[in-house]
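Worksheet: the structure to be examined is printed underneath.
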Amino acid sequence: MSMMKRSKAAAWLLAGAFMLGSAFPAWAAEAPVSSNVKTDAQIVADLGVLQGDGSGVSASYLAKTTTRLQSAILFLRLQGLEATAAAFKGADNFSDAAQVNDSNKAILGYLKANPQLGWTGTGNGKFEPMAQITAQQYYKVLLESLGYKQDTDFKYDGVIAYAGTLGLSQVANAGSLRNLHIATATVEALKSKVKGGSKTLLDTLVEKKVVDTAKAAGAQTASIKIAANAAVGSYLTDEAGRTLYMFMKDTPNVSTCKDQCVTNWPLFAADSIQISGDLNAADFKTIVREDGKKQTTYKGWPLYYYAKDEKAGETKGQGVGGSWMVMNYSGIITAKNDTLGTFLTDSKGMALYLYTRDTANISVCKGNCEVNWPIFYTEHFPNMGDLKAADFGTITREDGTKQTTYQGWPLYYYIKDVKAGDVTGQDVGKVWYVLDPAATPKVPASAAPAPAPAPAQPTPAPAQPATTPAPASQAAAKNYSINMDNFKFSETVLTVEVGSTITFTNNHAFEHNAVSDKLKADGTPVFETKLLAKGQSESITLTEPGEYTYYCDPHKDFMKATIIVK
């Protein structure tokens with residue numbers, strides 16, 4: 001069997017092992033001990049470096065976009081200059097300082113009075129405090145916080161590459177940033193050494209009394225990170241970027257690698273671990289092996305290094321003996337409940353939703369909508385099991401933020417979901433739904449209306465009893481049908497006779513209705529069907545000539561059509 005075939009077979013075996021892990025008997029291992037695991041957001045919050053809003057460093061805060069003003073304050077905080085800036089009394093300021101409150105005006109004034117700090121504005125005397133910041137811009141902030149200077153140590157166009165040489169790379173591909181990205185990048189910088197010294201940025205903040213000594217000690221933990229390459233997909237590494245592996249012959253919470261095996265595959269063990277917001281703290285545990293040594297597990301699988309991996313990024317252990325694999329990671333998995341069946345979640349089990357007013361690879365959820373439905377983004381697509389990486393993609397929103405898509409549908413969280421398994425966003429407003437990978441509806445290709453088709457052929461009207469002739473004014477009236485499917489009405493323009501009956505039938509997985517734009521004297525629509533579930537129908541009769549434009553209320557932005565009555 002070739003190495004490629006062995007690796008593929010191992011991948012499917014691993015996928016099955018994850019799904020069947022709960023089937024192993026309880027006596028197979030001692031209960032694992034929970035490791036002390038904190039996310040990078042928890043660490044920067046504990047240190048006081050990231051302070052959040054009125055609710056602290058909450059999930060909703062982390063989902064918000066990061067502004068230039070926030071980034072400037074963080075820069076000052078990392079330099080130990082925040083208090084000095086907040087007390088600044090100078091009168092000169094940027095021309096757009098009125099966009100912020102008085103305390104932040106003082107900070108902007110301090111930055112303008114101290115151009116050597118690098119915050120000289122965006123031109124024409126403006127600072128643009130509420131503009132969103134990008135990964136390139138924030139890594140520049142972090143590099144200068146570490147003592148590196150633009151045009152001396154690095155060029156602005158080369159910020160991302162230069163930061164990568166210092167180990168600052170976790171959000172390099174995120175585009176415009178959210179506060180969750182800021183937390184991850186800031187923790188990277190806190191653990192990095194300042195230019196020309198042996199101390200970390202965190203050490204210098206302790207010396208300046210910006211950070212409490214005891215809290216700083218609690219932040220000095222080993223990190224587990226996520227890396228990726230084309231050959232093996234996404235996988236876990238230690239803080240230095242060394243690949244972590246799993247052994248196919250292990251069972252959940254039991255390491256069977258002993259003696260020479262351990263020499264070739266050294267154990268990974270850490271009592272305290274720092275992880276990015278992509279990872280789930282509950283997935284990491286500590287076991288005690290038969291030889292008394294501790295070992296860290298991920299989802300029950302003991303973690304190892306490979307002795308022949310000599311530097312960061314090497315994955316020489318992949319497929320060795322048909323039993324060793326990198327410890328794969330996917331930012332998207334599935335969950336299941338009795339009501340909804342299978343649906344997509346992030347790696348922590350938080351439900352992901354589609355918005356039926358979106359179109360293919362275009363999100364129209366903005367402003368307050370985005371506050372309630374935070375966007376979802378991951379760089380790490382599935383590479384094993386039933387989910388296909390080809391079904392997932394990335395779009396860049398108007399504000400520069402990246403968002404993950406599934407079969408063209410932009411993906412979102414719901415702010416009222418507070419724990420794994422919650423699906424309180426299902427059916428909200430008849431436009432928000434979880435995604436079943438086996439039955440996800442086709443995303444509308446465009447908001448633009450389709451070209452008008454030829455008039456539909458009417459269906460014959462039921463024969464009238466001979467003793468009850470039809471009124472002369474409705475003698476030509478007929479019955480017509482309009483189907484609703486894939487966010488479209490089957491007839492974009494339908495011409496009918498006065499008195500004709502039109503039957504709307506929904507053939508789609510989502511509920512739809514038909515509502516007239518034309519209003520009666522009392523302000524209500526001339527016609528409005530109920531919301532029709534799949535398979536349901538409702539008829540209307542139009543007795544007045546004219547042109548009736550109408551829409552589906554849950555999808556009014558793009559699901560529209562016209563009936564012409566002659």
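A note on labels: chains of the structure tokens are A, B, ... as shown, every chain counts residues from 1, and ligands are counted from 1 in their shown order.
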
Gln274 (chain A) environment, 9 Å, only C-alpha atoms, sequence neighbours closer than 3 positions dropped, as a list in words: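 Neighbouring residues, sequence-local ones excluded: Asn36, Val37, Lys38, Thr39, Asp40, Ile43, Ala219, Gln220, Thr221, Ala222, Ser223, Ile224, Lys225 and Ala281 of chain A.
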
Serialized selection, C-alpha atoms, as a PDB file, in the first residue's frame:
ATOM      1  CA  ASN A  36      -5.631  24.084  33.515  1.00  0.00           C
ATOM      2  CA  VAL A  37      -6.627  25.439  30.119  1.00  0.00           C
ATOM      3  CA  LYS A  38      -7.309  29.072  29.285  1.00  0.00           C
ATOM      4  CA  THR A  39      -8.099  30.738  26.000  1.00  0.00           C
ATOM      5  CA  ASP A  40      -6.013  33.683  24.894  1.00  0.00           C
ATOM      6  CA  ILE A  43      -5.503  35.398  29.581  1.00  0.00           C
ATOM      7  CA  ALA A 219      -0.078  33.641  32.039  1.00  0.00           C
ATOM      8  CA  GLN A 220       3.261  31.865  31.580  1.00  0.00           C
ATOM      9  CA  THR A 221       1.745  28.664  30.230  1.00  0.00           C
ATOM     10  CA  ALA A 222       2.504  26.376  27.333  1.00  0.00           C
ATOM     11  CA  SER A 223       0.540  27.078  24.174  1.00  0.00           C
ATOM     12  CA  ILE A 224      -1.139  24.701  21.783  1.00  0.00           C
ATOM     13  CA  LYS A 225      -1.574  26.223  18.359  1.00  0.00           C
ATOM     14  CA  ALA A 281     -10.728  24.011  26.596  1.00  0.00           C
TER      15      ALA A 281
END

Polymer residues at most 10 Å from Thr263 (chain A), only C-alpha atoms, same-chain spacing of 6 or more positions, as an NGL selection string: :A and (257 or 305-307)

Next, dump the selected residues to file, keeping only N, CA and C atoms, as a compact mmCIF listing (two decimals), in the first residue's frame.
# COMPACT_ATOMS: atom_id res chain seq x y z
N CYS A 257 1.83 3.45 23.85
CA CYS A 257 3.19 3.65 23.36
C CYS A 257 4.16 3.53 24.53
N TYR A 305 5.15 13.90 20.23
CA TYR A 305 6.03 14.47 19.21
C TYR A 305 6.58 13.32 18.37
N TYR A 306 7.30 13.64 17.29
CA TYR A 306 8.06 12.65 16.53
C TYR A 306 9.52 13.06 16.59
N ALA A 307 10.39 12.15 17.01
CA ALA A 307 11.79 12.48 17.24
C ALA A 307 12.50 12.97 15.98

Gap from CA of Gln403 (chain A) to CA of Ile375 (chain A) - Å, one decimal: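 Separating CA of Gln403 (chain A) from CA of Ile375 (chain A) is a distance of 6.3 Å.
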
Alpha helix (DSSP H) positions in region 23-144 of chain A, given as a ChimeraX atom specification: /A:40-47,59-63,68-78,82-86,102-113,135-144

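With only C-alpha atoms as the atoms that count, the minimum distance from Thr359 (chain A) to the choices A:Phe487, A:Tyr138, A:Phe392, A:Tyr480 is reached by A:Phe487.
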
Non-local contacts of region 183-193 of chain A (7 Å; only C-alpha atoms; under 5 positions in same chain excluded) as a PyMOL selection string: chain A and resi 40-41+44+142+168+170-171+198-202+276

Write the residues you've just listed into a file as a compact mmCIF listing (two decimals), in the first residue's frame, and include C-alpha atoms for each of them.
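Just written: out29.txt:
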# COMPACT_ATOMS: atom_id res chain seq x y z
CA ASP A 40 -6.01 33.68 24.89
CA ALA A 41 -9.06 35.92 25.50
CA VAL A 44 -5.51 38.96 28.26
CA LEU A 142 2.67 44.81 18.13
CA LEU A 168 3.59 36.45 15.27
CA GLN A 170 -1.88 33.42 14.20
CA VAL A 171 -4.23 36.05 12.70
CA SER A 198 16.08 38.58 26.96
CA LYS A 199 12.81 39.71 28.53
CA THR A 200 9.36 39.23 27.10
CA LEU A 201 6.90 42.04 26.54
CA LEU A 202 4.95 40.67 29.50
CA SER A 276 -6.67 30.25 20.87

Near-Tyr61 (chain A) list (8 Å; only C-alpha atoms; drop same-chain fewer than 4 positions) as a list in words: Gly52, Asp53, Ser55, Gly56, Val57 and Asn179 of chain A

Every residue of region 150-382 of chain A that DSSP places in strand (DSSP E or B), as number ranges by chain: A: 150, 154, 175-176, 178, 193, 200, 222-229, 233-238, 243, 245-247, 251, 254, 267, 272-275, 284-288, 294-298, 301-302, 304, 324-326, 328, 332-337, 341-346, 351, 353-355, 359, 362, 375

Option closest in space to Tyr548 (chain A), from A:Thr529, A:Asn483, A:Thr67, A:Thr495 [counting only C-alpha atoms]: A:Thr495

Polymer residues at most 12 Å from Glu497 (chain A), only C-alpha atoms, same-chain spacing of 2 or more positions, as a PDB file with C-alpha atoms, in the first residue's frame:
ATOM      1  CA  PRO A 458     -53.316  28.430 -17.649  1.00  0.00           C
ATOM      2  CA  SER A 473     -67.446  39.922 -16.598  1.00  0.00           C
ATOM      3  CA  GLN A 474     -65.640  36.775 -15.499  1.00  0.00           C
ATOM      4  CA  ALA A 475     -66.435  34.538 -18.435  1.00  0.00           C
ATOM      5  CA  ALA A 476     -62.729  34.246 -19.374  1.00  0.00           C
ATOM      6  CA  ALA A 477     -61.459  33.739 -15.821  1.00  0.00           C
ATOM      7  CA  LYS A 478     -59.158  30.733 -15.359  1.00  0.00           C
ATOM      8  CA  ASN A 479     -57.046  29.007 -12.716  1.00  0.00           C
ATOM      9  CA  TYR A 480     -53.271  29.531 -12.562  1.00  0.00           C
ATOM     10  CA  LEU A 494     -47.807  36.208 -14.981  1.00  0.00           C
ATOM     11  CA  THR A 495     -50.645  37.660 -17.075  1.00  0.00           C
ATOM     12  CA  GLY A 499     -61.568  37.024 -11.802  1.00  0.00           C
ATOM     13  CA  SER A 500     -58.842  34.391 -12.247  1.00  0.00           C
ATOM     14  CA  THR A 501     -57.700  32.293  -9.315  1.00  0.00           C
ATOM     15  CA  ILE A 502     -53.967  31.979  -8.624  1.00  0.00           C
ATOM     16  CA  THR A 541     -58.706  35.702  -6.706  1.00  0.00           C
ATOM     17  CA  LEU A 542     -58.055  39.055  -8.390  1.00  0.00           C
ATOM     18  CA  THR A 543     -61.226  40.868  -9.530  1.00  0.00           C
ATOM     19  CA  GLU A 544     -59.783  44.234 -10.584  1.00  0.00           C
ATOM     20  CA  PRO A 545     -57.561  44.887 -13.623  1.00  0.00           C
ATOM     21  CA  GLY A 546     -54.093  46.236 -12.979  1.00  0.00           C
ATOM     22  CA  GLU A 547     -50.482  45.332 -12.247  1.00  0.00           C
ATOM     23  CA  ILE A 563     -49.166  39.528 -11.749  1.00  0.00           C
ATOM     24  CA  ILE A 564     -50.829  41.513 -14.554  1.00  0.00           C
ATOM     25  CA  VAL A 565     -54.639  41.344 -14.560  1.00  0.00           C
ATOM     26  CA  LYS A 566     -56.374  42.209 -17.872  1.00  0.00           C
TER      27      LYS A 566
END

Shell of 7 Å around Ser255 (chain A), only C-alpha atoms, local chain residues under 5 positions omitted, as a PyMOL selection string: chain A and resi 250+289+302

Spatial neighbours of Ser71 (chain A), 10 Å, only C-alpha atoms, chain gap at least 2 places, as a list in words: Thr66, Thr67, Arg68, Leu69, Ile73, Leu74, Phe75, Leu76, Arg77, Pro129, Gln132, Ile133, Gln137, Tyr138, Val141, Leu142, Asn179 and Ile182 of chain A

CA of Ser95 (chain A) to CA of Gly118 (chain A), distance in Å rounded to a single decimal: 17.6 Å
